[in-house]
$ cat final.txt   # compact mmCIF, C-alpha atoms
# COMPACT_ATOMS: atom_id res chain seq x y z
CA MET A 28 49.07 7.41 -62.84
CA LEU A 29 52.41 6.77 -61.16
CA ALA A 30 54.04 6.90 -64.59
CA ASN A 31 53.21 10.63 -64.66
CA THR A 32 55.48 11.34 -61.70
CA PRO A 33 58.13 13.88 -62.70
CA SER A 34 61.78 13.20 -61.99
CA ARG A 35 63.18 14.66 -58.81
CA ARG A 36 66.18 15.86 -60.82
CA ARG A 37 63.95 18.45 -62.50
CA LYS A 38 63.69 20.27 -59.17
CA THR A 39 60.30 21.71 -60.07
CA LYS A 40 58.85 24.45 -57.85
CA HIS A 41 55.31 23.56 -58.91
CA LEU A 42 55.20 19.80 -58.35
CA PHE A 43 51.52 19.51 -57.52
CA ARG A 44 50.40 21.93 -60.20
CA ASP A 45 52.47 19.97 -62.71
CA ILE A 46 50.84 16.71 -61.62
CA MET A 47 47.31 18.11 -61.13
CA ASP A 48 44.86 15.14 -60.99
CA ARG A 49 47.31 12.65 -62.48
CA GLY A 50 48.78 11.41 -59.21
CA ILE A 51 48.08 9.26 -56.16
CA LEU A 52 48.32 10.54 -52.58
CA SER A 53 47.66 8.51 -49.44
CA TYR A 54 45.72 9.91 -46.48
CA THR A 55 48.86 9.73 -44.33
CA GLU A 56 50.71 11.78 -46.94
CA TYR A 57 47.86 14.30 -47.01
CA LEU A 58 48.18 14.79 -43.24
CA PHE A 59 51.96 14.95 -43.52
CA LEU A 60 51.84 17.61 -46.25
CA LEU A 61 49.29 19.58 -44.24
CA CYS A 62 51.70 19.54 -41.30
CA ILE A 63 54.43 20.89 -43.58
CA LEU A 64 52.13 23.77 -44.50
CA THR A 65 51.34 24.63 -40.90
CA LYS A 66 54.55 24.02 -38.95
CA PRO A 67 58.10 25.46 -38.95
CA LYS A 68 60.87 23.41 -40.53
CA ALA A 69 62.80 22.88 -37.30
CA GLY A 70 60.70 19.87 -36.20
CA TYR A 71 61.21 18.09 -39.52
CA GLU A 72 64.93 18.71 -39.44
CA ILE A 73 65.11 17.11 -36.00
CA ALA A 74 63.08 14.09 -37.13
CA PHE A 75 65.20 13.76 -40.27
CA LYS A 76 68.40 13.75 -38.22
CA MET A 77 67.00 11.12 -35.86
CA PHE A 78 66.66 8.72 -38.79
CA ASP A 79 70.01 9.71 -40.28
CA ARG A 80 72.00 7.17 -38.28
CA ASP A 81 75.28 7.51 -40.18
CA GLY A 82 75.18 11.31 -40.37
CA ASN A 83 75.19 11.54 -44.17
CA LYS A 84 71.93 13.57 -44.20
CA ARG A 85 70.06 10.86 -46.13
CA ILE A 86 67.13 8.55 -45.33
CA ASP A 87 65.58 5.65 -47.23
CA ARG A 88 61.95 5.03 -48.14
CA ARG A 89 61.01 3.07 -45.04
CA GLU A 90 62.53 5.66 -42.74
CA PHE A 91 60.61 8.37 -44.56
CA LEU A 92 57.36 6.42 -44.14
CA LEU A 93 58.01 6.14 -40.43
CA MET A 94 58.63 9.88 -40.21
CA GLU A 95 55.31 10.45 -42.02
CA GLU A 96 53.57 8.14 -39.58
CA ILE A 97 55.00 9.98 -36.60
CA PHE A 98 53.69 13.32 -37.81
CA ARG A 99 50.35 11.73 -38.72
CA LYS A 100 49.94 10.46 -35.16
CA ARG A 101 50.94 13.82 -33.78
CA ALA A 102 48.37 15.50 -36.02
CA HIS A 103 45.67 13.44 -34.30
CA ASP A 104 47.21 13.58 -30.81
CA GLN A 105 48.92 16.88 -29.95
CA SER A 106 49.98 15.47 -26.56
CA ALA A 107 52.25 12.98 -28.29
CA VAL A 108 55.97 13.77 -28.32
CA LEU A 109 58.77 12.51 -30.53
CA GLY A 110 60.32 10.61 -27.62
CA ASP A 111 57.20 8.47 -27.16
CA GLU A 112 58.19 4.90 -28.11
CA SER A 113 54.69 4.11 -29.38
CA LEU A 114 55.20 6.64 -32.16
CA TRP A 115 58.23 4.77 -33.41
CA SER A 116 56.54 1.38 -33.76
CA THR A 117 56.88 -0.11 -37.27
CA LYS A 118 54.58 -3.11 -36.73
CA GLU A 119 51.69 -1.64 -38.73
CA LEU A 120 53.80 0.33 -41.23
CA LEU A 121 52.63 -0.57 -44.74
CA ILE A 122 54.23 0.53 -47.99
CA GLN A 123 51.65 1.82 -50.46
CA GLU A 124 53.13 3.05 -53.74
CA THR A 125 52.23 6.70 -54.29
CA THR A 126 53.30 9.61 -56.44
CA LEU A 127 55.16 11.24 -53.56
CA LEU A 128 57.13 8.08 -52.76
CA ARG A 129 58.03 7.61 -56.41
CA TYR A 130 59.11 11.24 -56.67
CA PHE A 131 61.41 10.94 -53.65
CA PHE A 132 62.70 7.36 -54.01
CA GLY A 133 62.31 6.40 -57.67
CA SER A 134 60.21 3.73 -59.37
CA ARG A 135 62.03 0.90 -57.56
CA GLY A 136 62.09 2.64 -54.19
CA ASN A 137 65.86 2.27 -53.89
CA ASP A 138 66.85 5.94 -53.99
CA THR A 139 67.61 7.88 -50.83
CA LEU A 140 66.43 11.34 -49.84
CA ASP A 141 68.86 14.00 -48.60
CA TYR A 142 67.78 16.77 -46.27
CA ASP A 143 68.63 19.60 -48.65
CA THR A 144 66.26 18.14 -51.26
CA PHE A 145 63.54 17.62 -48.65
CA SER A 146 64.03 21.14 -47.29
CA SER A 147 63.64 22.57 -50.80
CA PHE A 148 60.52 20.45 -51.25
CA MET A 149 59.00 21.93 -48.07
CA ASP A 150 59.84 25.48 -49.16
CA ASN A 151 58.39 24.89 -52.63
CA LEU A 152 55.21 23.32 -51.25
CA GLN A 153 54.56 26.24 -48.91
CA THR A 154 55.30 28.74 -51.69
CA GLU A 155 53.12 26.88 -54.19
CA VAL A 156 50.08 26.86 -51.90
CA LEU A 157 50.58 30.51 -50.88
CA GLU A 158 50.85 31.47 -54.55
CA LEU A 159 47.51 29.82 -55.25
CA GLU A 160 45.89 31.69 -52.36
CA PHE A 161 47.48 34.98 -53.38
CA HIS A 162 46.48 34.67 -57.06
CA GLU A 163 42.91 33.83 -56.03
CA TYR A 164 42.61 37.40 -54.77
CA SER A 165 45.11 39.27 -56.94
CA LYS A 166 43.33 38.36 -60.21
CA GLY A 167 46.61 38.60 -62.12
CA MET A 168 47.76 41.83 -60.46
CA PRO A 169 51.11 42.09 -58.61
CA THR A 170 49.42 43.04 -55.32
CA ILE A 171 46.30 42.35 -53.28
CA SER A 172 44.42 45.04 -51.38
CA GLU A 173 44.46 45.41 -47.61
CA VAL A 174 40.83 44.25 -47.48
CA GLU A 175 41.66 41.15 -49.52
CA PHE A 176 44.60 40.45 -47.17
CA ALA A 177 42.15 40.57 -44.26
CA LYS A 178 39.88 38.10 -46.05
CA VAL A 179 42.81 35.68 -46.43
CA LEU A 180 43.62 35.99 -42.72
CA PHE A 181 40.08 35.09 -41.71
CA LYS A 182 39.98 32.02 -43.95
CA TYR A 183 39.54 28.78 -41.91
CA THR A 184 38.92 30.74 -38.70
CA TYR A 185 36.32 30.13 -35.97
CA LEU A 186 34.52 33.44 -36.57
CA ASP A 187 31.03 33.35 -37.97
CA ASP A 188 30.15 35.26 -41.14
CA ASP A 189 28.83 38.34 -39.32
CA GLU A 190 31.91 38.69 -37.10
CA ARG A 191 34.21 38.19 -40.07
CA GLU A 192 32.36 40.83 -42.07
CA ASP A 193 32.58 43.29 -39.16
CA TYR A 194 36.37 42.98 -39.12
CA ILE A 195 36.62 43.33 -42.89
CA GLU A 196 34.32 46.36 -42.93
CA MET A 197 36.47 47.99 -40.24
CA VAL A 198 39.58 47.51 -42.40
CA ARG A 199 37.72 48.91 -45.40
CA GLU A 200 36.78 52.05 -43.44
CA ARG A 201 40.27 52.54 -42.01
CA THR A 202 42.10 52.09 -45.33
CA GLN A 203 42.12 55.64 -46.67
CA GLU A 204 44.72 54.94 -49.36
CA GLU A 205 45.18 51.47 -50.85
CA LYS A 206 48.89 50.62 -51.12
CA GLY A 207 48.57 46.90 -51.77
CA ILE A 208 50.57 43.91 -50.50
CA THR A 209 53.01 42.06 -52.75
CA PHE A 210 53.44 38.29 -52.84
CA ASP A 211 56.85 38.43 -51.13
CA GLN A 212 55.32 40.43 -48.26
CA PHE A 213 52.38 38.03 -48.18
CA LYS A 214 54.71 35.02 -48.05
CA ASP A 215 56.87 36.47 -45.27
CA PHE A 216 53.82 37.07 -43.10
CA PHE A 217 52.54 33.51 -43.44
CA GLN A 218 55.97 32.10 -42.78
CA PHE A 219 55.77 34.02 -39.52
CA VAL A 220 52.34 32.48 -38.85
CA ASN A 221 53.99 29.05 -38.93
CA HIS A 222 56.11 30.18 -35.95
CA LEU A 223 53.22 31.31 -33.74
CA ASP A 224 54.26 29.12 -30.82
CA ASP A 225 57.57 31.00 -30.50
CA PHE A 226 55.88 34.37 -30.98
CA GLU A 227 53.30 33.54 -28.32
CA ILE A 228 56.07 33.32 -25.72
CA VAL A 229 56.86 36.99 -26.33
CA LEU A 230 53.18 37.91 -26.20
CA ARG A 231 52.86 36.21 -22.81
CA MET A 232 55.76 38.28 -21.50
CA TYR A 233 53.89 41.44 -22.50
CA SER A 234 50.69 40.09 -20.94
CA PHE A 235 52.42 39.26 -17.64
CA ALA A 236 53.85 42.78 -17.56
CA ASP A 237 50.40 44.13 -18.42
CA GLN A 238 51.92 45.93 -21.39
CA PRO A 239 50.17 46.34 -24.78
CA MET A 240 52.18 45.78 -27.97
CA SER A 241 52.79 48.53 -30.51
CA GLU A 242 53.62 48.12 -34.21
CA ASP A 243 57.36 48.65 -33.59
CA GLU A 244 57.36 46.10 -30.77
CA PHE A 245 55.42 43.65 -32.95
CA ARG A 246 58.02 43.92 -35.74
CA ARG A 247 60.86 43.42 -33.28
CA ALA A 248 59.15 40.41 -31.67
CA VAL A 249 58.66 38.77 -35.09
CA LEU A 250 62.31 39.40 -35.98
CA VAL A 251 63.57 37.97 -32.68
CA THR A 252 61.41 34.83 -32.78
CA THR A 253 61.51 34.03 -36.53
CA GLY A 254 64.31 36.06 -38.11
CA LEU A 255 61.79 37.58 -40.53
CA ARG A 256 61.53 41.30 -41.24
CA LEU A 257 57.88 42.02 -41.96
CA ALA A 258 57.09 45.00 -44.16
CA ASP A 259 55.94 48.06 -42.23
CA HIS A 260 52.77 48.28 -44.28
CA VAL A 261 51.86 44.63 -43.57
CA VAL A 262 52.29 45.16 -39.82
CA HIS A 263 50.22 48.34 -40.02
CA THR A 264 47.47 46.44 -41.85
CA VAL A 265 47.50 43.74 -39.17
CA PHE A 266 47.00 46.43 -36.52
CA GLN A 267 44.18 47.95 -38.57
CA ILE A 268 42.49 44.56 -38.27
CA PHE A 269 43.24 43.68 -34.64
CA ASP A 270 43.34 47.12 -33.01
CA THR A 271 39.59 47.28 -32.56
CA ASP A 272 39.53 50.31 -30.24
CA GLY A 273 41.94 52.34 -32.36
CA ASP A 274 44.55 53.02 -29.64
CA GLY A 275 47.46 51.73 -31.76
CA LYS A 276 47.88 48.56 -29.64
CA LEU A 277 47.35 44.94 -30.62
CA MET A 278 44.39 43.00 -29.25
CA GLN A 279 46.57 40.02 -28.38
CA ARG A 280 43.93 37.41 -27.54
CA GLU A 281 41.89 38.05 -30.68
CA PHE A 282 45.01 38.08 -32.84
CA MET A 283 46.34 34.76 -31.53
CA GLY A 284 42.92 33.10 -31.68
CA VAL A 285 42.40 34.00 -35.33
CA MET A 286 45.99 33.28 -36.35
CA LYS A 287 46.09 29.84 -34.74
CA ASN A 288 42.93 28.88 -36.59
CA ARG A 289 44.38 30.26 -39.79
CA ALA A 290 47.69 28.41 -39.24
CA HIS A 291 45.88 25.07 -38.90
CA ARG A 292 43.87 25.82 -42.08
CA GLY A 293 40.73 24.41 -40.51
CA PHE A 294 42.39 21.07 -39.87
CA ARG A 295 41.67 20.98 -36.13
CA GLU A 296 37.94 21.39 -36.80
CA HIS A 297 38.14 18.63 -39.39
CA LEU A 298 39.51 16.22 -36.78
CA LYS A 299 36.64 17.08 -34.43
CA ASN A 300 34.01 16.29 -37.04
CA PRO A 301 32.20 12.95 -36.73
CA VAL A 302 33.04 10.17 -39.17
CA GLY A 303 31.07 7.26 -40.63
CA TRP A 304 27.27 7.43 -40.87
CA SER A 305 26.98 10.23 -38.30
CA GLY A 306 29.58 12.22 -40.21
CA PHE A 307 27.71 11.68 -43.47
CA LYS A 308 24.45 12.93 -41.92
CA ALA A 309 26.21 15.95 -40.45
CA CYS A 310 27.68 16.74 -43.85
CA VAL A 311 24.24 16.50 -45.53
CA ARG A 312 22.67 18.77 -42.90
CA ASN A 313 25.43 21.31 -43.37
CA GLU A 314 25.05 21.30 -47.16
CA LEU A 315 21.27 21.71 -46.90
CA LYS A 316 21.70 24.58 -44.47
CA GLN A 317 24.11 26.38 -46.81
CA SER A 318 21.86 25.88 -49.83
CA GLN A 319 18.89 27.58 -48.14
$ encode --input "final.txt" --output "structure tokens"
Amino acid sequence: MLANTPSRRRKTKHLFRDIMDRGILSYTEYLFLLCILTKPKAGYEIAFKMFDRDGNKRIDRREFLLMEEIFRKRAHDQSAVLGDESLWSTKELLIQETTLLRYFFGSRGNDTLDYDTFSSFMDNLQTEVLELEFHEYSKGMPTISEVEFAKVLFKYTYLDDDEREDYIEMVRERTQEEKGITFDQFKDFFQFVNHLDDFEIVLRMYSFADQPMSEDEFRRAVLVTTGLRLADHVVHTVFQIFDTDGDGKLMQREFMGVMKNRAHRGFREHLKNPVGWSGFKACVRNELKQSQ
């Protein structure tokens, strides 16, 4: 399978769709890639620079594996910080040949990885996954409807089916004229979702001042915290979803609760699930319940 790994020089924007089921991915890599999908790039740039001892913006295979391990441990323990010495231990670091390692470091593992290439990889991965989600609902069309956008937002969230359907039905009733949301607008919004921690600081300021947030203030807060200019129609659609009493103001607690669940893509719930025999029984019970 490793022989199917494409060359990094091709600079493909659809690496995983090109590989499909002809590759090997370790569990640590799976967690690492999931972190890339759910976190802003700033943390990875800092980690990359910490390993770049000579300042040439390059790291080798072992340094990359250690960076993966750090983010894997943080995925399981959110209280861990990069300065924690236990995170930097290499005693149990094993090298398992995978498609991702071969793509970054070559068949012999002697190549080095520069930050620009890694940054492009992160951008392409996020875009590739968002494209798959978008096309699932667009059915080949250039836009998705406002209702379909709401369905994407509630994916992986803590809401039960009835609550989710209530929100979606409310959007359906409030959408008098369907304008549609393009992929670029869709992508910008979910890039913002990866910066929720910064945005939450602004929301807290509004909460402390006992001030609700309007659509204009929401757009400005997103621009200040992320540098992204969200389309007016996307912001309006978000308010159609999370302005439950129709006063034109954002229900901040509900919005942040749903968006944080969405940002983690259900991963936090996965970590809470039991493993081993108890996990297997829980899985069987869940499948039987859904099949009824």
$ atom_distance --input "final.txt" --atom1 "CA of Glu124 (chain A)" --atom2 "CA of Arg88 (chain A)"
10.6 Å
$ residues_around --input "final.txt" --residues "Tyr164 (chain A)" --least-positions-apart "6" --cutoff "12 Å" --atoms "all atoms listed in the file" --output "MDAnalysis selection string"
chainID A and resid 157:158 170:179 207:210 213
$ residues_around --input "final.txt" --residues "Phe217 (chain A)" --least-positions-apart "5" --cutoff "12 Å" --atoms "only C-alpha atoms" --output "number ranges by chain"
A: 64-67, 153-154, 156-158, 160-161, 176, 179-180, 210-212, 222-223, 249, 253, 255, 257, 261, 286-287, 289-292
$ residues_near_point --input "final.txt" --point "(58.0, 6.2, -43.7)" --cutoff "10 Å" --atoms "only C-alpha atoms" --output "VMD selection string"
chain A and resid 55 to 56 86 to 97 117 120 to 122 128
$ residues_around --input "final.txt" --residues "Arg36 (chain A)" --least-positions-apart "6" --cutoff "12 Å" --atoms "all atoms listed in the file" --output "short mmCIF file (atom, residue, chain, number, x, y, z; two decimals) with C-alpha atoms, keeping the file's coordinate frame"
data_model
loop_
_atom_site.label_atom_id
_atom_site.label_comp_id
_atom_site.auth_asym_id
_atom_site.auth_seq_id
_atom_site.Cartn_x
_atom_site.Cartn_y
_atom_site.Cartn_z
CA LEU A 42 55.20 19.80 -58.35
CA TYR A 130 59.11 11.24 -56.67
CA PHE A 131 61.41 10.94 -53.65
CA PHE A 132 62.70 7.36 -54.01
CA GLY A 133 62.31 6.40 -57.67
CA LEU A 140 66.43 11.34 -49.84
CA THR A 144 66.26 18.14 -51.26
#
$ atom_distance --input "final.txt" --atom1 "CA of Asp48 (chain A)" --atom2 "CA of Arg135 (chain A)"
22.6 Å
$ closest_residue --input "final.txt" --among "A:Phe181, A:Leu58, A:His260, A:Arg231" --to "Lys206 (chain A)" --atoms "all atoms listed in the file"
A:His260
$ closest_residue --input "final.txt" --among "A:Ser147, A:Gln279, A:Gln218, A:Thr202" --to "His263 (chain A)" --atoms "only C-alpha atoms"
A:Thr202
$ closest_residue --input "final.txt" --among "A:Arg99, A:Glu205, A:Arg280, A:Val251" --to "Leu61 (chain A)" --atoms "all atoms listed in the file"
A:Arg99
$ atom_distance --input "final.txt" --atom1 "CA of Phe282 (chain A)" --atom2 "CA of Phe266 (chain A)"
9.3 Å
$ closest_residue --input "final.txt" --among "A:Met168, A:Ala69, A:Leu29, A:Met197" --to "Asp225 (chain A)" --atoms "all atoms listed in the file"
A:Ala69
$ residues_around --input "final.txt" --residues "Glu155 (chain A)" --least-positions-apart "3" --cutoff "9 Å" --atoms "only C-alpha atoms" --output "PyMOL selection string"
chain A and resi 40-44+150-152+158-160
$ closest_residue --input "final.txt" --among "A:Glu244, A:Asp224, A:Asp259, A:Glu196" --to "Leu277 (chain A)" --atoms "all atoms listed in the file"
A:Glu244
$ axis_aligned_box --input "final.txt" --around "region 86-91 of chain A" --padding-each-side "8 Å" --output "JSON"
{"center_x": 63.9, "center_y": 5.8, "center_z": -45.4, "size_x": 22.5, "size_y": 21.5, "size_z": 21.4}
$ closest_residue --input "final.txt" --among "A:Gly284, A:Lys276, A:Lys76, A:Phe269" --to "Pro239 (chain A)" --atoms "only C-alpha atoms"
A:Lys276
$ residues_around --input "final.txt" --residues "Arg85 (chain A)" --least-positions-apart "6" --cutoff "7 Å" --atoms "only C-alpha atoms" --output "MDAnalysis selection string"
chainID A and resid 79 139:142
